[in-house]
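Data block for start-v1.cif (mmCIF, C-alpha atoms):
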data_start
#
loop_
_atom_site.group_PDB
_atom_site.id
_atom_site.type_symbol
_atom_site.label_atom_id
_atom_site.label_comp_id
_atom_site.auth_asym_id
_atom_site.auth_seq_id
_atom_site.Cartn_x
_atom_site.Cartn_y
_atom_site.Cartn_z
ATOM 1 C CA MET A 1 93.103 -120.379 -33.162
ATOM 2 C CA TYR A 2 93.057 -116.617 -32.723
ATOM 3 C CA TYR A 3 96.119 -114.882 -31.294
ATOM 4 C CA PRO A 4 96.083 -111.223 -30.193
ATOM 5 C CA PRO A 5 98.579 -109.192 -32.269
ATOM 6 C CA SER A 6 100.517 -108.409 -29.100
ATOM 7 C CA GLN A 7 101.153 -112.129 -28.559
ATOM 8 C CA ILE A 8 102.648 -113.011 -31.937
ATOM 9 C CA GLN A 9 105.444 -111.905 -34.223
ATOM 10 C CA THR A 10 104.857 -112.437 -37.936
ATOM 11 C CA ASN A 11 106.680 -112.335 -41.282
ATOM 12 C CA LEU A 12 109.921 -113.818 -39.910
ATOM 13 C CA TYR A 13 112.317 -115.859 -42.031
ATOM 14 C CA SER A 14 114.272 -119.031 -41.288
ATOM 15 C CA ASN A 15 117.459 -119.576 -43.277
ATOM 16 C CA GLY A 16 117.572 -123.232 -42.232
ATOM 17 C CA SER A 17 117.912 -122.744 -38.471
ATOM 18 C CA LEU A 18 114.489 -124.310 -37.752
ATOM 19 C CA ILE A 19 113.236 -127.833 -38.362
ATOM 20 C CA ILE A 20 109.746 -129.263 -38.895
ATOM 21 C CA LYS A 21 108.704 -130.900 -35.629
ATOM 22 C CA SER A 22 106.794 -133.803 -37.181
ATOM 23 C CA THR A 23 109.396 -134.796 -39.810
ATOM 24 C CA GLN A 24 112.646 -133.416 -38.342
ATOM 25 C CA GLN A 25 113.441 -131.917 -41.753
ATOM 26 C CA THR A 26 115.238 -128.592 -42.079
ATOM 27 C CA TYR A 27 112.839 -125.717 -42.728
ATOM 28 C CA THR A 28 113.700 -122.699 -44.883
ATOM 29 C CA GLY A 29 111.076 -120.007 -45.414
ATOM 30 C CA PHE A 30 108.748 -117.642 -43.634
ATOM 31 C CA TYR A 31 107.435 -118.388 -40.168
ATOM 32 C CA TRP A 32 105.694 -116.743 -37.209
ATOM 33 C CA THR A 33 106.099 -117.183 -33.477
ATOM 34 C CA THR A 34 104.071 -116.763 -30.298
ATOM 35 C CA SER A 35 105.051 -115.070 -27.059
ATOM 36 C CA LEU A 36 105.280 -118.571 -25.536
ATOM 37 C CA GLY A 37 108.176 -119.399 -27.823
ATOM 38 C CA LYS A 38 106.361 -121.637 -30.315
ATOM 39 C CA PHE A 39 107.173 -121.456 -34.039
ATOM 40 C CA PHE A 40 104.851 -122.127 -36.994
ATOM 41 C CA ALA A 41 105.301 -122.122 -40.779
ATOM 42 C CA GLY A 42 103.891 -119.296 -42.917
ATOM 43 C CA LYS A 43 104.015 -115.536 -42.631
ATOM 44 C CA THR A 44 100.981 -115.237 -40.310
ATOM 45 C CA PRO A 45 98.480 -117.459 -38.449
ATOM 46 C CA ASP A 46 96.229 -117.086 -41.518
ATOM 47 C CA SER A 47 98.765 -118.766 -43.821
ATOM 48 C CA PRO A 48 97.705 -122.172 -45.230
ATOM 49 C CA GLN A 49 100.717 -123.903 -43.669
ATOM 50 C CA SER A 50 100.387 -122.221 -40.250
ATOM 51 C CA SER A 51 99.456 -125.518 -38.575
ATOM 52 C CA ILE A 52 102.962 -126.881 -39.218
ATOM 53 C CA GLU A 53 104.872 -126.533 -35.973
ATOM 54 C CA LEU A 54 108.599 -125.798 -36.110
ATOM 55 C CA ILE A 55 111.287 -126.153 -33.489
ATOM 56 C CA ASN A 56 114.700 -124.613 -32.998
ATOM 57 C CA PRO A 57 117.107 -127.509 -32.333
ATOM 58 C CA SER A 58 119.812 -125.258 -30.932
ATOM 59 C CA ASN A 59 117.331 -123.437 -28.696
ATOM 60 C CA THR A 60 118.634 -120.113 -29.944
ATOM 61 C CA LEU A 61 116.921 -117.220 -31.614
ATOM 62 C CA THR A 62 116.690 -117.007 -35.398
ATOM 63 C CA PRO A 63 118.391 -114.369 -37.562
ATOM 64 C CA ARG A 64 115.266 -112.209 -37.698
ATOM 65 C CA ASN A 65 115.084 -112.002 -33.865
ATOM 66 C CA PRO A 66 118.713 -112.320 -32.908
ATOM 67 C CA ASP A 67 119.259 -110.192 -29.805
ATOM 68 C CA ALA A 68 119.202 -112.790 -27.041
ATOM 69 C CA HIS A 69 120.417 -111.691 -23.621
ATOM 70 C CA ASP A 70 121.248 -113.588 -20.435
ATOM 71 C CA LEU A 71 120.549 -112.768 -16.837
ATOM 72 C CA THR A 72 122.258 -114.633 -14.012
ATOM 73 C CA GLY A 73 122.256 -114.420 -10.274
ATOM 74 C CA ASN A 74 118.650 -115.258 -9.407
ATOM 75 C CA GLU A 75 117.939 -117.102 -6.214
ATOM 76 C CA ASN A 76 118.342 -120.515 -7.850
ATOM 77 C CA ASN A 77 121.470 -119.390 -9.686
ATOM 78 C CA THR A 78 119.885 -120.458 -12.977
ATOM 79 C CA LYS A 79 120.209 -118.657 -16.297
ATOM 80 C CA ILE A 80 117.202 -116.769 -17.677
ATOM 81 C CA SER A 81 117.098 -115.885 -21.355
ATOM 82 C CA TYR A 82 114.900 -113.277 -22.969
ATOM 83 C CA SER A 83 114.600 -111.554 -26.342
ATOM 84 C CA SER A 84 113.712 -108.126 -27.667
ATOM 85 C CA PHE A 85 110.281 -109.529 -28.569
ATOM 86 C CA ASP A 86 109.624 -110.098 -24.860
ATOM 87 C CA VAL A 87 111.048 -106.700 -23.983
ATOM 88 C CA VAL A 88 108.912 -104.825 -26.522
ATOM 89 C CA ASN A 89 105.767 -106.574 -25.320
ATOM 90 C CA TYR A 90 106.652 -105.640 -21.756
ATOM 91 C CA LEU A 91 107.300 -102.034 -22.672
ATOM 92 C CA LYS A 92 103.996 -101.787 -24.521
ATOM 93 C CA LEU A 93 102.301 -102.614 -21.255
ATOM 94 C CA ASN A 94 104.284 -99.884 -19.524
ATOM 95 C CA SER A 95 102.431 -96.634 -20.147
ATOM 96 C CA ASP A 96 105.497 -94.594 -19.264
ATOM 97 C CA ILE A 97 107.411 -95.782 -22.318
ATOM 98 C CA ASP A 98 106.516 -95.407 -25.983
ATOM 99 C CA ALA A 99 107.667 -98.736 -27.432
ATOM 100 C CA ASP A 100 107.015 -97.527 -30.990
ATOM 101 C CA LYS A 101 109.905 -95.096 -30.612
ATOM 102 C CA LEU A 102 112.380 -97.785 -29.593
ATOM 103 C CA PRO A 103 115.090 -98.650 -32.147
ATOM 104 C CA ARG A 104 114.079 -101.507 -34.430
ATOM 105 C CA ILE A 105 115.844 -104.786 -35.047
ATOM 106 C CA PRO A 106 117.153 -104.917 -38.653
ATOM 107 C CA THR A 107 114.866 -106.859 -40.986
ATOM 108 C CA TYR A 108 115.911 -109.666 -43.327
ATOM 109 C CA ILE A 109 115.914 -107.968 -46.752
ATOM 110 C CA PRO A 110 118.374 -109.645 -49.146
ATOM 111 C CA SER A 111 119.676 -107.877 -52.228
ATOM 112 C CA PHE A 112 119.336 -109.435 -55.687
ATOM 113 C CA PRO A 113 121.664 -108.936 -58.664
ATOM 114 C CA THR A 114 120.470 -106.870 -61.611
ATOM 115 C CA LYS A 115 121.137 -107.292 -65.317
ATOM 116 C CA GLU A 116 123.979 -104.779 -65.002
ATOM 117 C CA ASP A 117 125.455 -106.767 -62.102
ATOM 118 C CA TYR A 118 125.506 -109.906 -64.250
ATOM 119 C CA GLU A 119 127.236 -107.971 -67.011
ATOM 120 C CA ILE A 120 129.868 -106.835 -64.508
ATOM 121 C CA GLY A 121 130.097 -110.307 -63.000
ATOM 122 C CA LYS A 122 129.594 -109.420 -59.331
ATOM 123 C CA PHE A 123 127.407 -107.487 -56.920
ATOM 124 C CA THR A 124 127.455 -106.356 -53.305
ATOM 125 C CA ARG A 125 125.720 -108.227 -50.487
ATOM 126 C CA PHE A 126 124.945 -106.494 -47.192
ATOM 127 C CA PHE A 127 124.772 -108.014 -43.713
ATOM 128 C CA CYS A 128 124.742 -107.123 -40.065
ATOM 129 C CA LYS A 129 125.919 -109.098 -37.040
ATOM 130 C CA GLN A 130 124.969 -108.955 -33.412
ATOM 131 C CA LYS A 131 128.040 -107.590 -31.660
ATOM 132 C CA ASN A 132 128.047 -110.062 -28.790
ATOM 133 C CA ALA A 133 126.933 -113.224 -30.615
ATOM 134 C CA PRO A 134 127.486 -115.025 -33.959
ATOM 135 C CA LEU A 135 124.020 -114.142 -35.263
ATOM 136 C CA PHE A 136 123.597 -112.636 -38.718
ATOM 137 C CA ILE A 137 120.910 -110.966 -40.846
ATOM 138 C CA GLU A 138 121.168 -110.289 -44.578
ATOM 139 C CA ILE A 139 119.939 -106.735 -45.184
ATOM 140 C CA ASP A 140 119.613 -104.233 -48.019
ATOM 141 C CA GLN A 141 121.814 -101.228 -48.731
ATOM 142 C CA THR A 142 119.422 -98.787 -47.059
ATOM 143 C CA THR A 143 119.525 -100.708 -43.781
ATOM 144 C CA TYR A 144 123.298 -101.057 -44.077
ATOM 145 C CA THR A 145 123.699 -97.290 -44.462
ATOM 146 C CA LYS A 146 121.419 -96.553 -41.505
ATOM 147 C CA LEU A 147 123.425 -98.847 -39.246
ATOM 148 C CA LEU A 148 126.699 -97.436 -40.517
ATOM 149 C CA GLU A 149 125.521 -93.888 -39.808
ATOM 150 C CA SER A 150 124.123 -94.813 -36.356
ATOM 151 C CA ASN A 151 120.583 -93.960 -37.376
ATOM 152 C CA PRO A 152 118.400 -94.045 -34.215
ATOM 153 C CA GLU A 153 115.647 -95.868 -36.139
ATOM 154 C CA LEU A 154 117.711 -99.066 -35.843
ATOM 155 C CA ASP A 155 119.479 -100.707 -32.923
ATOM 156 C CA TYR A 156 122.958 -99.781 -34.147
ATOM 157 C CA LYS A 157 124.420 -100.315 -30.669
ATOM 158 C CA ILE A 158 123.653 -104.020 -30.924
ATOM 159 C CA PHE A 159 124.211 -104.684 -34.646
ATOM 160 C CA SER A 160 127.291 -103.894 -36.721
ATOM 161 C CA PRO A 161 126.992 -103.780 -40.544
ATOM 162 C CA PHE A 162 129.381 -105.168 -43.136
ATOM 163 C CA LYS A 163 129.365 -105.850 -46.869
ATOM 164 C CA PHE A 164 131.357 -107.747 -49.464
ATOM 165 C CA SER A 165 131.490 -108.450 -53.194
ATOM 166 C CA TRP A 166 129.828 -111.650 -54.472
ATOM 167 C CA THR A 167 130.945 -113.310 -57.730
ATOM 168 C CA LEU A 168 128.182 -114.084 -60.248
ATOM 169 C CA THR A 169 129.957 -115.235 -63.396
ATOM 170 C CA GLY A 170 132.957 -117.165 -64.661
ATOM 171 C CA GLY A 171 133.584 -120.872 -64.281
ATOM 172 C CA GLN A 172 131.347 -122.460 -61.667
ATOM 173 C CA ASN A 173 134.222 -123.845 -59.598
ATOM 174 C CA ARG A 174 136.110 -120.573 -59.833
ATOM 175 C CA ALA A 175 133.094 -118.527 -58.740
ATOM 176 C CA ALA A 176 132.427 -120.844 -55.792
ATOM 177 C CA LEU A 177 136.061 -120.672 -54.687
ATOM 178 C CA GLN A 178 136.144 -116.875 -54.935
ATOM 179 C CA ASN A 179 132.999 -116.536 -52.833
ATOM 180 C CA LYS A 180 134.249 -119.054 -50.281
ATOM 181 C CA ASN A 181 137.556 -117.196 -49.958
ATOM 182 C CA THR A 182 135.639 -113.938 -49.476
ATOM 183 C CA VAL A 183 133.490 -115.425 -46.715
ATOM 184 C CA ASP A 184 136.559 -116.983 -45.049
ATOM 185 C CA PHE A 185 138.270 -113.592 -45.087
ATOM 186 C CA ILE A 186 135.240 -111.884 -43.529
ATOM 187 C CA GLU A 187 134.999 -114.551 -40.832
ATOM 188 C CA ASN A 188 138.677 -114.262 -39.903
ATOM 189 C CA LYS A 189 139.237 -110.516 -40.292
ATOM 190 C CA LYS A 190 135.859 -109.016 -39.399
ATOM 191 C CA ASP A 191 135.000 -111.051 -36.273
ATOM 192 C CA ALA A 192 132.212 -112.804 -38.159
ATOM 193 C CA LEU A 193 132.790 -116.480 -37.362
ATOM 194 C CA GLY A 194 129.668 -118.423 -38.325
ATOM 195 C CA LEU A 195 128.832 -116.453 -41.463
ATOM 196 C CA SER A 196 129.500 -119.468 -43.706
ATOM 197 C CA GLN A 197 127.012 -121.513 -41.688
ATOM 198 C CA TYR A 198 124.427 -118.728 -41.916
ATOM 199 C CA LEU A 199 124.854 -118.840 -45.708
ATOM 200 C CA ASN A 200 124.368 -122.620 -45.647
ATOM 201 C CA TYR A 201 127.774 -122.889 -47.370
ATOM 202 C CA ASN A 202 126.030 -121.914 -50.608
ATOM 203 C CA TYR A 203 128.802 -120.201 -52.542
ATOM 204 C CA LEU A 204 126.927 -120.338 -55.855
ATOM 205 C CA LEU A 205 123.829 -118.401 -54.800
ATOM 206 C CA HIS A 206 122.736 -116.212 -57.754
ATOM 207 C CA TYR A 207 125.428 -117.809 -59.920
ATOM 208 C CA ASN A 208 124.979 -116.937 -63.580
ATOM 209 C CA THR A 209 123.704 -120.231 -65.016
ATOM 210 C CA THR A 210 120.855 -118.357 -66.717
ATOM 211 C CA PRO A 211 121.987 -114.770 -67.373
ATOM 212 C CA GLY A 212 119.385 -112.130 -66.633
ATOM 213 C CA ILE A 213 117.335 -114.398 -64.384
ATOM 214 C CA THR A 214 117.674 -115.076 -60.672
ATOM 215 C CA LYS A 215 115.530 -116.751 -58.029
ATOM 216 C CA ARG A 216 113.507 -115.383 -55.153
ATOM 217 C CA ASN A 217 111.566 -117.682 -52.828
ATOM 218 C CA SER A 218 112.028 -120.542 -55.320
ATOM 219 C CA LYS A 219 110.510 -118.478 -58.155
ATOM 220 C CA ARG A 220 112.433 -117.382 -61.234
ATOM 221 C CA ILE A 221 112.415 -113.638 -61.771
ATOM 222 C CA TYR A 222 113.944 -111.187 -64.223
ATOM 223 C CA ALA A 223 116.967 -109.709 -62.464
ATOM 224 C CA ASP A 224 116.429 -106.183 -63.774
ATOM 225 C CA ASN A 225 112.886 -105.596 -62.507
ATOM 226 C CA GLY A 226 111.855 -108.533 -60.303
ATOM 227 C CA VAL A 227 108.987 -109.640 -62.586
ATOM 228 C CA GLU A 228 108.267 -113.370 -62.360
ATOM 229 C CA VAL A 229 109.271 -115.480 -65.353
ATOM 230 C CA PRO A 230 106.305 -117.492 -66.741
ATOM 231 C CA LEU A 231 106.308 -121.071 -65.444
ATOM 232 C CA ASN A 232 105.884 -122.461 -68.975
ATOM 233 C CA LEU A 233 109.327 -121.295 -70.043
ATOM 234 C CA PRO A 234 112.174 -123.829 -69.683
ATOM 235 C CA GLU A 235 114.929 -123.553 -67.089
ATOM 236 C CA ASN A 236 117.464 -122.714 -69.807
ATOM 237 C CA TYR A 237 115.573 -119.568 -70.913
ATOM 238 C CA ARG A 238 118.129 -116.742 -70.593
ATOM 239 C CA LEU A 239 119.681 -113.600 -72.075
ATOM 240 C CA ILE A 240 120.892 -113.660 -75.681
ATOM 241 C CA LYS A 241 124.202 -115.248 -76.687
ATOM 242 C CA ASP A 242 125.952 -115.783 -80.005
ATOM 243 C CA ASN A 243 123.348 -113.752 -81.916
ATOM 244 C CA LYS A 244 120.532 -116.043 -80.835
ATOM 245 C CA ALA A 245 117.402 -114.212 -79.676
ATOM 246 C CA CYS A 246 113.688 -114.855 -79.333
ATOM 247 C CA ALA A 247 113.065 -111.987 -81.748
ATOM 248 C CA SER A 248 114.680 -114.012 -84.555
ATOM 249 C CA CYS A 249 113.225 -117.363 -83.526
ATOM 250 C CA ALA A 250 110.635 -119.197 -85.613
ATOM 251 C CA TYR A 251 108.424 -119.632 -82.556
ATOM 252 C CA PHE A 252 108.256 -115.903 -81.771
ATOM 253 C CA GLN A 253 104.947 -114.169 -82.532
ATOM 254 C CA GLN A 254 104.012 -110.719 -81.188
ATOM 255 C CA GLY A 255 105.860 -111.094 -77.887
ATOM 256 C CA VAL A 256 104.740 -114.683 -77.290
ATOM 257 C CA CYS A 257 106.574 -117.979 -77.771
ATOM 258 C CA ASN A 258 104.254 -120.350 -79.605
ATOM 259 C CA LYS A 259 106.297 -123.367 -78.527
ATOM 260 C CA TRP A 260 105.977 -122.693 -74.807
ATOM 261 C CA SER A 261 102.720 -120.669 -74.889
ATOM 262 C CA ALA A 262 104.168 -117.880 -72.775
ATOM 263 C CA PRO A 263 105.143 -114.216 -73.153
ATOM 264 C CA ILE A 264 108.861 -113.747 -73.698
ATOM 265 C CA ARG A 265 111.443 -111.024 -74.132
ATOM 266 C CA GLN A 266 112.944 -110.403 -77.548
ATOM 267 C CA ASN A 267 116.521 -110.317 -76.241
ATOM 268 C CA TYR A 268 116.262 -113.697 -74.485
ATOM 269 C CA TYR A 269 116.387 -117.236 -75.913
ATOM 270 C CA CYS A 270 116.289 -120.904 -74.885
ATOM 271 C CA ASN A 271 117.749 -124.194 -76.140
ATOM 272 C CA ALA A 272 114.726 -124.697 -78.406
ATOM 273 C CA PHE A 273 115.769 -121.683 -80.501
ATOM 274 C CA LYS A 274 115.241 -122.183 -84.245
ATOM 275 C CA PRO A 275 116.122 -119.527 -86.795
ATOM 276 C CA LEU A 276 113.265 -118.621 -89.092
ATOM 277 C CA LYS A 277 115.088 -119.999 -92.098
ATOM 278 C CA SER A 278 115.483 -123.434 -90.475
ATOM 279 C CA LEU A 279 111.741 -124.104 -90.576
ATOM 280 C CA SER A 280 109.731 -124.747 -93.684
ATOM 281 C CA SER A 281 106.551 -122.808 -94.363
ATOM 282 C CA GLN A 282 104.499 -125.856 -93.443
ATOM 283 C CA GLU A 283 106.374 -126.247 -90.129
ATOM 284 C CA ILE A 284 105.658 -122.633 -89.234
ATOM 285 C CA ILE A 285 101.965 -123.097 -90.136
ATOM 286 C CA ASP A 286 101.837 -126.284 -88.073
ATOM 287 C CA THR A 287 103.440 -124.511 -85.135
ATOM 288 C CA LEU A 288 101.050 -121.585 -85.225
ATOM 289 C CA SER A 289 98.009 -123.844 -85.583
ATOM 290 C CA SER A 290 99.014 -126.369 -82.929
ATOM 291 C CA THR A 291 97.159 -126.740 -79.627
ATOM 292 C CA THR A 292 100.128 -125.156 -77.885
ATOM 293 C CA ASN A 293 99.582 -121.900 -79.742
ATOM 294 C CA ILE A 294 98.404 -119.476 -77.102
ATOM 295 C CA TYR A 295 96.213 -117.637 -79.648
ATOM 296 C CA ASN A 296 94.246 -120.812 -80.418
ATOM 297 C CA GLN A 297 93.458 -121.634 -76.822
ATOM 298 C CA LYS A 298 89.912 -120.937 -75.693
#

With the file now loaded, output its structure as structure tokens.
Amino acid sequence: MYYPPSQIQTNLYSNGSLIIKSTQQTYTGFYWTTSLGKFFAGKTPDSPQSSIELINPSNTLTPRNPDAHDLTGNENNTKISYSSFDVVNYLKLNSDIDADKLPRIPTYIPSFPTKEDYEIGKFTRFFCKQKNAPLFIEIDQTTYTKLLESNPELDYKIFSPFKFSWTLTGGQNRAALQNKNTVDFIENKKDALGLSQYLNYNYLLHYNTTPGITKRNSKRIYADNGVEVPLNLPENYRLIKDNKACASCAYFQQGVCNKWSAPIRQNYYCNAFKPLKSLSSQEIIDTLSSTTNIYNQK
């Protein structure tokens, strides 16, 4: 079904606040919504999963559209709720107001740790909160700075920014406890009750189980440049440790791992690492001539 652009809002993101209507399962991912208040999976109506209808069990707005307002005192003394999406659509119909010049709602843009952050063991996460409601959005540093400096591009009168340090390394239990204590402190001292729920109580997000690699939208990526890690490589593929490295592995050949048939980085390694001297000449020949050798595939 075709929807006029003025009647939909696309490229939104649910951090678990929506559920799939047909299965009642929690939905995390991109979605789009109509001016009638219906939610669908996918970034746009053209997405393959756009026929999957979502519902908001709490009947509240999601983090990407969080500025709900209430009006009372109508003739039936009932409460009317509306959102900035409705307001912007209304203003676009009002020729006396240029809606494009209105301040924007902050966009969900999470930060991801880099290789240097993993070496340090922590990185900074940025958020903003609606001032009159426990609604949060994870943002990037640029958005954080604009809100902090009251940049008129963003609705700084409605959203207040904050940031905190997030632990990436160390013992798993210790890292989780440190991050939980940080979130508890923010909730209690920064008027941010509900932040832990927004984070889905995930205190090990980005935790350093595979140094140098993080996840984005369920895909593994190199932390330093955001390039996707080949699917063929095992989950334990990671930065070098204890002098082990792909560059000195028997399976390494001109930037490609002949065991996993995938391009690799010389300063990474996996649990299948084998020093050159541990393989016989025949084993190396067998490896290079096997069907898993990327150079022999046609």

Which one is closest to Asn236 (chain A): A:Ile221, A:Leu154, A:Cys270, A:Ile19? Count only C-alpha atoms.
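Comparing A:Ile221, A:Leu154, A:Cys270, A:Ile19 against Asn236 (chain A), the winner is A:Cys270.
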
Selection result for the PyMOL selection byres ((chain A and resi 29) around 9) on this file, as a VMD selection string:
chain A and resid 12 to 16 27 to 28 30 to 31 41 to 43 217

Region 178-237 of chain A near region 102-124 of chain A within 10 Å: what's each residue's closest atom pair and its distance in Å to one decimal, counting all atoms listed in the file, ordered by chain then ascending residue number, as JSON lines?
{"residue": "A:His206", "atom": "CA", "partner": "A:Pro113", "partner_atom": "CA", "distance": 7.4}
{"residue": "A:Tyr207", "atom": "CA", "partner": "A:Tyr118", "partner_atom": "CA", "distance": 9.0}
{"residue": "A:Asn208", "atom": "CA", "partner": "A:Tyr118", "partner_atom": "CA", "distance": 7.1}
{"residue": "A:Thr210", "atom": "CA", "partner": "A:Tyr118", "partner_atom": "CA", "distance": 10.0}
{"residue": "A:Pro211", "atom": "CA", "partner": "A:Tyr118", "partner_atom": "CA", "distance": 6.8}
{"residue": "A:Gly212", "atom": "CA", "partner": "A:Lys115", "partner_atom": "CA", "distance": 5.3}
{"residue": "A:Ile213", "atom": "CA", "partner": "A:Lys115", "partner_atom": "CA", "distance": 8.1}
{"residue": "A:Thr214", "atom": "CA", "partner": "A:Pro113", "partner_atom": "CA", "distance": 7.6}
{"residue": "A:Lys215", "atom": "CA", "partner": "A:Phe112", "partner_atom": "CA", "distance": 8.6}
{"residue": "A:Arg216", "atom": "CA", "partner": "A:Phe112", "partner_atom": "CA", "distance": 8.3}
{"residue": "A:Tyr222", "atom": "CA", "partner": "A:Thr114", "partner_atom": "CA", "distance": 8.2}
{"residue": "A:Ala223", "atom": "CA", "partner": "A:Thr114", "partner_atom": "CA", "distance": 4.6}
{"residue": "A:Asp224", "atom": "CA", "partner": "A:Thr114", "partner_atom": "CA", "distance": 4.6}
{"residue": "A:Asn225", "atom": "CA", "partner": "A:Thr114", "partner_atom": "CA", "distance": 7.7}
{"residue": "A:Gly226", "atom": "CA", "partner": "A:Phe112", "partner_atom": "CA", "distance": 8.8}

Emit the selected residues as a JSON list (two decimals), in the frame of the given file, including C-alpha atoms.
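So selection.json came out as:
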[["chain", "number", "residue", "atom", "x", "y", "z"],
["A", 206, "HIS", "CA", 122.74, -116.21, -57.75],
["A", 207, "TYR", "CA", 125.43, -117.81, -59.92],
["A", 208, "ASN", "CA", 124.98, -116.94, -63.58],
["A", 210, "THR", "CA", 120.86, -118.36, -66.72],
["A", 211, "PRO", "CA", 121.99, -114.77, -67.37],
["A", 212, "GLY", "CA", 119.38, -112.13, -66.63],
["A", 213, "ILE", "CA", 117.34, -114.40, -64.38],
["A", 214, "THR", "CA", 117.67, -115.08, -60.67],
["A", 215, "LYS", "CA", 115.53, -116.75, -58.03],
["A", 216, "ARG", "CA", 113.51, -115.38, -55.15],
["A", 222, "TYR", "CA", 113.94, -111.19, -64.22],
["A", 223, "ALA", "CA", 116.97, -109.71, -62.46],
["A", 224, "ASP", "CA", 116.43, -106.18, -63.77],
["A", 225, "ASN", "CA", 112.89, -105.60, -62.51],
["A", 226, "GLY", "CA", 111.86, -108.53, -60.30]]

If we count all atoms listed in the file, what is near Asp155 (chain A) at a cut-off of 12 Å, once residues fewer than 4 positions away on the same chain are taken out, given as a ChimeraX atom specification?
/A:66-67,84,101-107,128-131,143-144,146-151,159-161

So which one's closest to Thr167 (chain A), A:Leu231, A:Val183, A:Leu18, A:Ile139? Using all atoms listed in the file, please.
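Smallest separation from Thr167 (chain A) among the options: A:Val183.
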
Starting from the displayed file, determine the output of the PyMOL selection byres ((chain A and resi 34) around 9) and express the residue list as a PyMOL selection string.
chain A and resi 3+7-10+32-33+35-40

Now that the selection is made, can you save its residues with C-alpha atoms as a PDB file, keeping the file's coordinate frame?
ATOM      1  CA  TYR A   3      96.119-114.882 -31.294  1.00  0.00           C
ATOM      2  CA  GLN A   7     101.153-112.129 -28.559  1.00  0.00           C
ATOM      3  CA  ILE A   8     102.648-113.011 -31.937  1.00  0.00           C
ATOM      4  CA  GLN A   9     105.444-111.905 -34.223  1.00  0.00           C
ATOM      5  CA  THR A  10     104.857-112.437 -37.936  1.00  0.00           C
ATOM      6  CA  TRP A  32     105.694-116.743 -37.209  1.00  0.00           C
ATOM      7  CA  THR A  33     106.099-117.183 -33.477  1.00  0.00           C
ATOM      8  CA  SER A  35     105.051-115.070 -27.059  1.00  0.00           C
ATOM      9  CA  LEU A  36     105.280-118.571 -25.536  1.00  0.00           C
ATOM     10  CA  GLY A  37     108.176-119.399 -27.823  1.00  0.00           C
ATOM     11  CA  LYS A  38     106.361-121.637 -30.315  1.00  0.00           C
ATOM     12  CA  PHE A  39     107.173-121.456 -34.039  1.00  0.00           C
ATOM     13  CA  PHE A  40     104.851-122.127 -36.994  1.00  0.00           C
TER      14      PHE A  40
END

Target residues per the PyMOL selection byres ((chain A and resi 248-251) around 7), formatted as a list in words
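That selection, the PyMOL selection byres ((chain A and resi 248-251) around 7), comes back as Ala245, Cys246, Ala247, Phe252, Gln253, Cys257, Asn258, Lys259, Phe273, Lys274, Pro275 and Leu276 of chain A.
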
Calculate how many Å separate CA of Glu138 (chain A) from CA of Gly170 (chain A), rounding to one decimal.
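Separating CA of Glu138 (chain A) from CA of Gly170 (chain A) is a distance of 24.3 Å.
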
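Taking CA of Thr44 (chain A) as the reference point, CA of Asn11 (chain A) is found at 6.5 Å.
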
Around the point (129.4, -121.5, -46.7) (coordinates from the file), which residues reach within 10 Å if we count all atoms listed in the file? Answer as a list in words.
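Within 10 Å of (129.4, -121.5, -46.7), the protein and nucleic acid residues are Ala176, Asn179, Lys180, Asn181, Val183, Asp184, Gly194, Leu195, Ser196, Gln197, Tyr198, Leu199, Asn200, Tyr201, Asn202, Tyr203 and Leu204 of chain A.
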
Distance of CA of Val229 (chain A) from CA of Phe127 (chain A), expressed in Å to one decimal place:
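Interatomic distance here is 27.6 Å.
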